[in-house]
$ cat model27.csv   # CSV, C-alpha atoms
chain,number,residue,atom,x,y,z
N,15,MET,CA,-26.5,-3.2,-7.5
N,16,ILE,CA,-23.9,-2.0,-5.1
N,17,PRO,CA,-25.0,-2.1,-1.4
N,18,VAL,CA,-24.7,1.2,0.3
N,19,ASN,CA,-23.9,1.2,4.0
N,20,LYS,CA,-25.2,4.2,5.9
N,21,ARG,CA,-24.8,4.8,9.6
N,22,LYS,CA,-25.2,7.7,11.9
N,23,ALA,CA,-21.9,9.6,12.3
N,24,ALA,CA,-22.1,9.3,16.1
N,25,GLU,CA,-21.9,5.5,15.8
N,26,VAL,CA,-18.8,5.7,13.6
N,27,TYR,CA,-16.8,8.3,15.4
N,28,PRO,CA,-15.4,6.0,18.2
N,29,PHE,CA,-14.0,3.6,15.6
N,30,LEU,CA,-12.5,6.1,13.2
N,31,GLU,CA,-9.4,6.9,15.1
N,32,ASN,CA,-8.4,3.3,15.3
N,33,TYR,CA,-9.4,2.7,11.7
N,34,MET,CA,-7.3,5.6,10.5
N,35,ALA,CA,-4.3,4.6,12.5
N,36,ARG,CA,-4.4,1.1,11.1
N,37,LYS,CA,-4.7,2.4,7.5
N,38,GLU,CA,-1.7,4.7,8.1
N,39,GLU,CA,0.3,1.7,9.4
N,40,GLN,CA,-0.6,-0.3,6.3
N,41,ILE,CA,0.5,2.6,4.1
N,42,ALA,CA,3.9,2.7,6.0
N,43,GLU,CA,4.3,-1.0,5.6
N,44,ASN,CA,3.7,-0.8,1.9
N,45,GLU,CA,6.2,2.0,1.5
N,46,GLN,CA,8.8,0.0,3.4
N,47,ILE,CA,8.3,-2.9,1.0
N,48,ILE,CA,8.9,-0.6,-1.9
N,49,GLU,CA,12.0,1.0,-0.3
N,50,ARG,CA,13.5,-2.4,0.6
N,51,TYR,CA,13.0,-3.7,-3.0
N,52,GLU,CA,14.6,-0.6,-4.5
N,53,LYS,CA,17.5,-0.8,-2.1
N,54,LYS,CA,18.0,-4.4,-2.9
N,55,ARG,CA,17.9,-3.7,-6.7
N,56,HIS,CA,20.4,-0.9,-6.4
N,57,MET,CA,22.8,-3.1,-4.4
N,58,GLU,CA,22.4,-6.0,-7.0
N,59,GLU,CA,23.1,-3.6,-9.8
N,60,ARG,CA,26.2,-2.0,-8.1
N,61,SER,CA,27.5,-5.5,-7.3
N,62,TYR,CA,27.0,-6.6,-10.9
N,63,GLN,CA,28.7,-3.5,-12.3
N,64,SER,CA,31.7,-3.9,-10.0
N,65,MET,CA,32.4,-7.4,-11.3
N,66,SER,CA,35.2,-8.0,-13.8
N,67,PRO,CA,34.0,-8.5,-17.4
N,68,LEU,CA,35.0,-12.2,-17.2
N,69,ARG,CA,33.0,-12.8,-14.1
N,70,ARG,CA,30.0,-10.9,-15.5
N,71,MET,CA,30.0,-13.2,-18.4
N,72,PHE,CA,29.7,-16.3,-16.2
N,73,THR,CA,27.3,-14.7,-13.6
N,74,GLY,CA,24.8,-13.1,-15.9
N,75,LYS,CA,21.9,-10.8,-14.9
N,76,LYS,CA,18.3,-11.6,-14.2
N,77,PRO,CA,16.3,-11.7,-17.4
N,78,ASP,CA,14.3,-8.5,-18.0
N,79,HIS,CA,11.0,-10.4,-17.6
N,80,HIS,CA,12.0,-11.5,-14.1
N,81,LEU,CA,12.8,-7.9,-13.2
N,82,ALA,CA,9.4,-6.8,-14.6
N,83,VAL,CA,7.6,-9.4,-12.5
N,84,GLU,CA,9.5,-8.4,-9.4
N,85,TYR,CA,8.7,-4.7,-10.1
N,86,ILE,CA,5.0,-5.5,-10.4
N,87,HIS,CA,5.1,-7.5,-7.2
N,88,TYR,CA,7.2,-5.2,-5.1
N,89,VAL,CA,6.4,-1.7,-6.5
N,90,LYS,CA,3.3,-1.5,-8.7
N,91,ARG,CA,0.9,-3.5,-6.5
N,92,PRO,CA,1.9,-1.8,-3.3
N,93,MET,CA,1.6,1.6,-4.9
N,94,GLN,CA,-2.0,0.7,-6.0
N,95,GLN,CA,-2.7,-0.4,-2.5
N,96,ILE,CA,-1.3,2.8,-1.1
N,97,ARG,CA,-3.6,4.9,-3.4
N,98,GLN,CA,-6.6,2.8,-2.3
N,99,LEU,CA,-5.7,3.1,1.4
N,100,ARG,CA,-5.2,6.9,1.1
N,101,ALA,CA,-8.6,7.2,-0.5
N,102,GLU,CA,-10.2,5.3,2.4
N,103,LEU,CA,-8.2,7.4,4.8
N,104,GLU,CA,-9.4,10.6,3.2
N,105,ASN,CA,-13.0,9.3,3.3
N,106,ALA,CA,-12.6,8.6,7.0
N,107,ARG,CA,-11.2,12.1,7.6
N,108,LEU,CA,-14.1,13.7,5.7
N,109,ILE,CA,-16.5,11.8,8.0
N,110,MET,CA,-14.7,13.0,11.1
N,111,ASN,CA,-14.4,16.6,10.0
N,112,ASN,CA,-17.5,17.4,7.9
N,113,SER,CA,-20.3,15.6,9.5
N,114,ASN,CA,-22.6,16.2,12.5
N,115,PRO,CA,-23.2,13.3,14.9
N,116,SER,CA,-26.8,13.1,13.7
N,117,ASP,CA,-26.0,12.9,10.0
N,118,LEU,CA,-26.2,9.7,8.0
N,119,VAL,CA,-22.8,9.0,6.4
N,120,THR,CA,-21.9,6.4,3.8
N,121,ILE,CA,-19.2,4.1,5.0
N,122,SER,CA,-16.9,1.5,3.2
N,123,ASP,CA,-17.3,-2.2,3.6
N,124,ASP,CA,-14.0,-2.4,5.5
N,125,LEU,CA,-15.3,0.1,8.1
N,126,GLU,CA,-18.6,-1.7,8.3
N,127,LYS,CA,-16.7,-4.9,9.3
N,128,GLU,CA,-14.9,-2.8,12.0
N,129,LEU,CA,-18.2,-1.8,13.5
N,130,ILE,CA,-19.6,-5.3,13.7
$ encode --input "model27.csv" --output "structure tokens"
Amino acid sequence: MIPVNKRKAAEVYPFLENYMARKEEQIAENEQIIERYEKKRHMEERSYQSMSPLRRMFTGKKPDHHLAVEYIHYVKRPMQQIRQLRAELENARLIMNNSNPSDLVTISDDLEKELI
């Protein structure tokens, strides 16, 4: 059974602005991680392509499975986190915009920790 956290909207309003700002900051950080990785990959690929064929033979590229693991670590997981953070952010916006101060609203565990 999943515990449901319900609080009055008036109790939650003061914390929502800070909560939403922090979630947007986390989204921006994850987007920066993705951008830095993609920039690094493009630079490595350009560097490799600009080498002479003889030098390429001795240098070699990273194996494909290494590139796949890097992609999962630097792109796929942050994208999943971004989707989750955006869903939490949307939930917080719905609480702010669509509820009266006397309404009982369902809040996430993360927001519940904020309130305590």
$ residues_around --input "model27.csv" --residues "range 70-80 of chain N" --least-positions-apart "6" --cutoff "9 Å" --atoms "only C-alpha atoms" --output "VMD selection string"
chain N and resid 59 62 to 63
$ atom_distance --input "model27.csv" --atom1 "CA of Ala24 in chain N" --atom2 "CA of Leu108 in chain N"
13.8 Å
$ residues_around --input "model27.csv" --residues "Val89 in chain N" --least-positions-apart "6" --cutoff "10 Å" --atoms "only C-alpha atoms" --output "tab-separated table (two decimals) with C-alpha atoms, in the frame of the given file"
chain	number	residue	atom	x	y	z
N	44	ASN	CA	3.70	-0.80	1.90
N	45	GLU	CA	6.20	2.00	1.50
N	47	ILE	CA	8.30	-2.90	1.00
N	48	ILE	CA	8.90	-0.60	-1.90
N	49	GLU	CA	12.00	1.00	-0.30
N	51	TYR	CA	13.00	-3.70	-3.00
N	52	GLU	CA	14.60	-0.60	-4.50
N	83	VAL	CA	7.60	-9.40	-12.50
$ atom_distance --input "model27.csv" --atom1 "CA of Asp123 in chain N" --atom2 "CA of Ile96 in chain N"
17.4 Å
$ closest_residue --input "model27.csv" --among "N:Ile121, N:Ile109, N:Ile41, N:Ala35" --to "Gln95 in chain N" --atoms "only C-alpha atoms"
N:Ile41
$ residues_around --input "model27.csv" --residues "Asn19 in chain N" --least-positions-apart "5" --cutoff "10 Å" --atoms "only C-alpha atoms" --output "compact mmCIF listing (two decimals) with C-alpha atoms, in the coordinates of the input"
# COMPACT_ATOMS: atom_id res chain seq x y z
CA LEU N 118 -26.20 9.70 8.00
CA VAL N 119 -22.80 9.00 6.40
CA THR N 120 -21.90 6.40 3.80
CA ILE N 121 -19.20 4.10 5.00
CA SER N 122 -16.90 1.50 3.20
CA ASP N 123 -17.30 -2.20 3.60
CA LEU N 125 -15.30 0.10 8.10
CA GLU N 126 -18.60 -1.70 8.30
$ atom_distance --input "model27.csv" --atom1 "CA of Ala23 in chain N" --atom2 "CA of Ser113 in chain N"
6.8 Å
$ build_atoms --input "model27.csv" --residues "range 57-70 of chain N" --atoms "N, CA, C and O atoms" --output "JSON list (two decimals), keeping the file's coordinate frame"
[["chain", "number", "residue", "atom", "x", "y", "z"],
["N", 57, "MET", "N", 21.60, -2.38, -4.88],
["N", 57, "MET", "CA", 22.80, -3.10, -4.40],
["N", 57, "MET", "C", 23.15, -4.22, -5.41],
["N", 57, "MET", "O", 24.34, -4.42, -5.69],
["N", 58, "GLU", "N", 22.16, -4.92, -5.96],
["N", 58, "GLU", "CA", 22.40, -6.00, -7.00],
["N", 58, "GLU", "C", 23.09, -5.34, -8.20],
["N", 58, "GLU", "O", 24.04, -5.90, -8.76],
["N", 59, "GLU", "N", 22.57, -4.21, -8.63],
["N", 59, "GLU", "CA", 23.10, -3.60, -9.80],
["N", 59, "GLU", "C", 24.54, -3.07, -9.59],
["N", 59, "GLU", "O", 25.41, -3.25, -10.45],
["N", 60, "ARG", "N", 24.79, -2.48, -8.42],
["N", 60, "ARG", "CA", 26.20, -2.00, -8.10],
["N", 60, "ARG", "C", 27.11, -3.23, -8.04],
["N", 60, "ARG", "O", 28.24, -3.16, -8.54],
["N", 61, "SER", "N", 26.65, -4.32, -7.44],
["N", 61, "SER", "CA", 27.50, -5.50, -7.30],
["N", 61, "SER", "C", 27.80, -6.06, -8.72],
["N", 61, "SER", "O", 28.96, -6.42, -9.00],
["N", 62, "TYR", "N", 26.82, -6.11, -9.58],
["N", 62, "TYR", "CA", 27.00, -6.60, -10.90],
["N", 62, "TYR", "C", 27.99, -5.72, -11.71],
["N", 62, "TYR", "O", 28.88, -6.20, -12.41],
["N", 63, "GLN", "N", 27.83, -4.40, -11.59],
["N", 63, "GLN", "CA", 28.70, -3.50, -12.30],
["N", 63, "GLN", "C", 30.12, -3.49, -11.82],
["N", 63, "GLN", "O", 31.05, -3.19, -12.57],
["N", 64, "SER", "N", 30.32, -3.84, -10.55],
["N", 64, "SER", "CA", 31.70, -3.90, -10.00],
["N", 64, "SER", "C", 32.44, -5.14, -10.34],
["N", 64, "SER", "O", 33.64, -5.22, -10.11],
["N", 65, "MET", "N", 31.77, -6.13, -10.90],
["N", 65, "MET", "CA", 32.40, -7.40, -11.30],
["N", 65, "MET", "C", 33.32, -7.17, -12.50],
["N", 65, "MET", "O", 33.08, -6.29, -13.32],
["N", 66, "SER", "N", 34.31, -8.03, -12.61],
["N", 66, "SER", "CA", 35.20, -8.00, -13.80],
["N", 66, "SER", "C", 34.35, -8.50, -14.99],
["N", 66, "SER", "O", 33.38, -9.24, -14.82],
["N", 67, "PRO", "N", 34.75, -8.09, -16.20],
["N", 67, "PRO", "CA", 34.00, -8.50, -17.40],
["N", 67, "PRO", "C", 33.92, -10.05, -17.52],
["N", 67, "PRO", "O", 32.88, -10.58, -17.92],
["N", 68, "LEU", "N", 34.97, -10.75, -17.16],
["N", 68, "LEU", "CA", 35.00, -12.20, -17.20],
["N", 68, "LEU", "C", 33.96, -12.80, -16.27],
["N", 68, "LEU", "O", 33.18, -13.69, -16.62],
["N", 69, "ARG", "N", 33.95, -12.28, -15.07],
["N", 69, "ARG", "CA", 33.00, -12.80, -14.10],
["N", 69, "ARG", "C", 31.56, -12.45, -14.45],
["N", 69, "ARG", "O", 30.66, -13.25, -14.24],
["N", 70, "ARG", "N", 31.35, -11.27, -15.02],
["N", 70, "ARG", "CA", 30.00, -10.90, -15.50],
["N", 70, "ARG", "C", 29.50, -11.87, -16.54],
["N", 70, "ARG", "O", 28.33, -12.20, -16.57]]
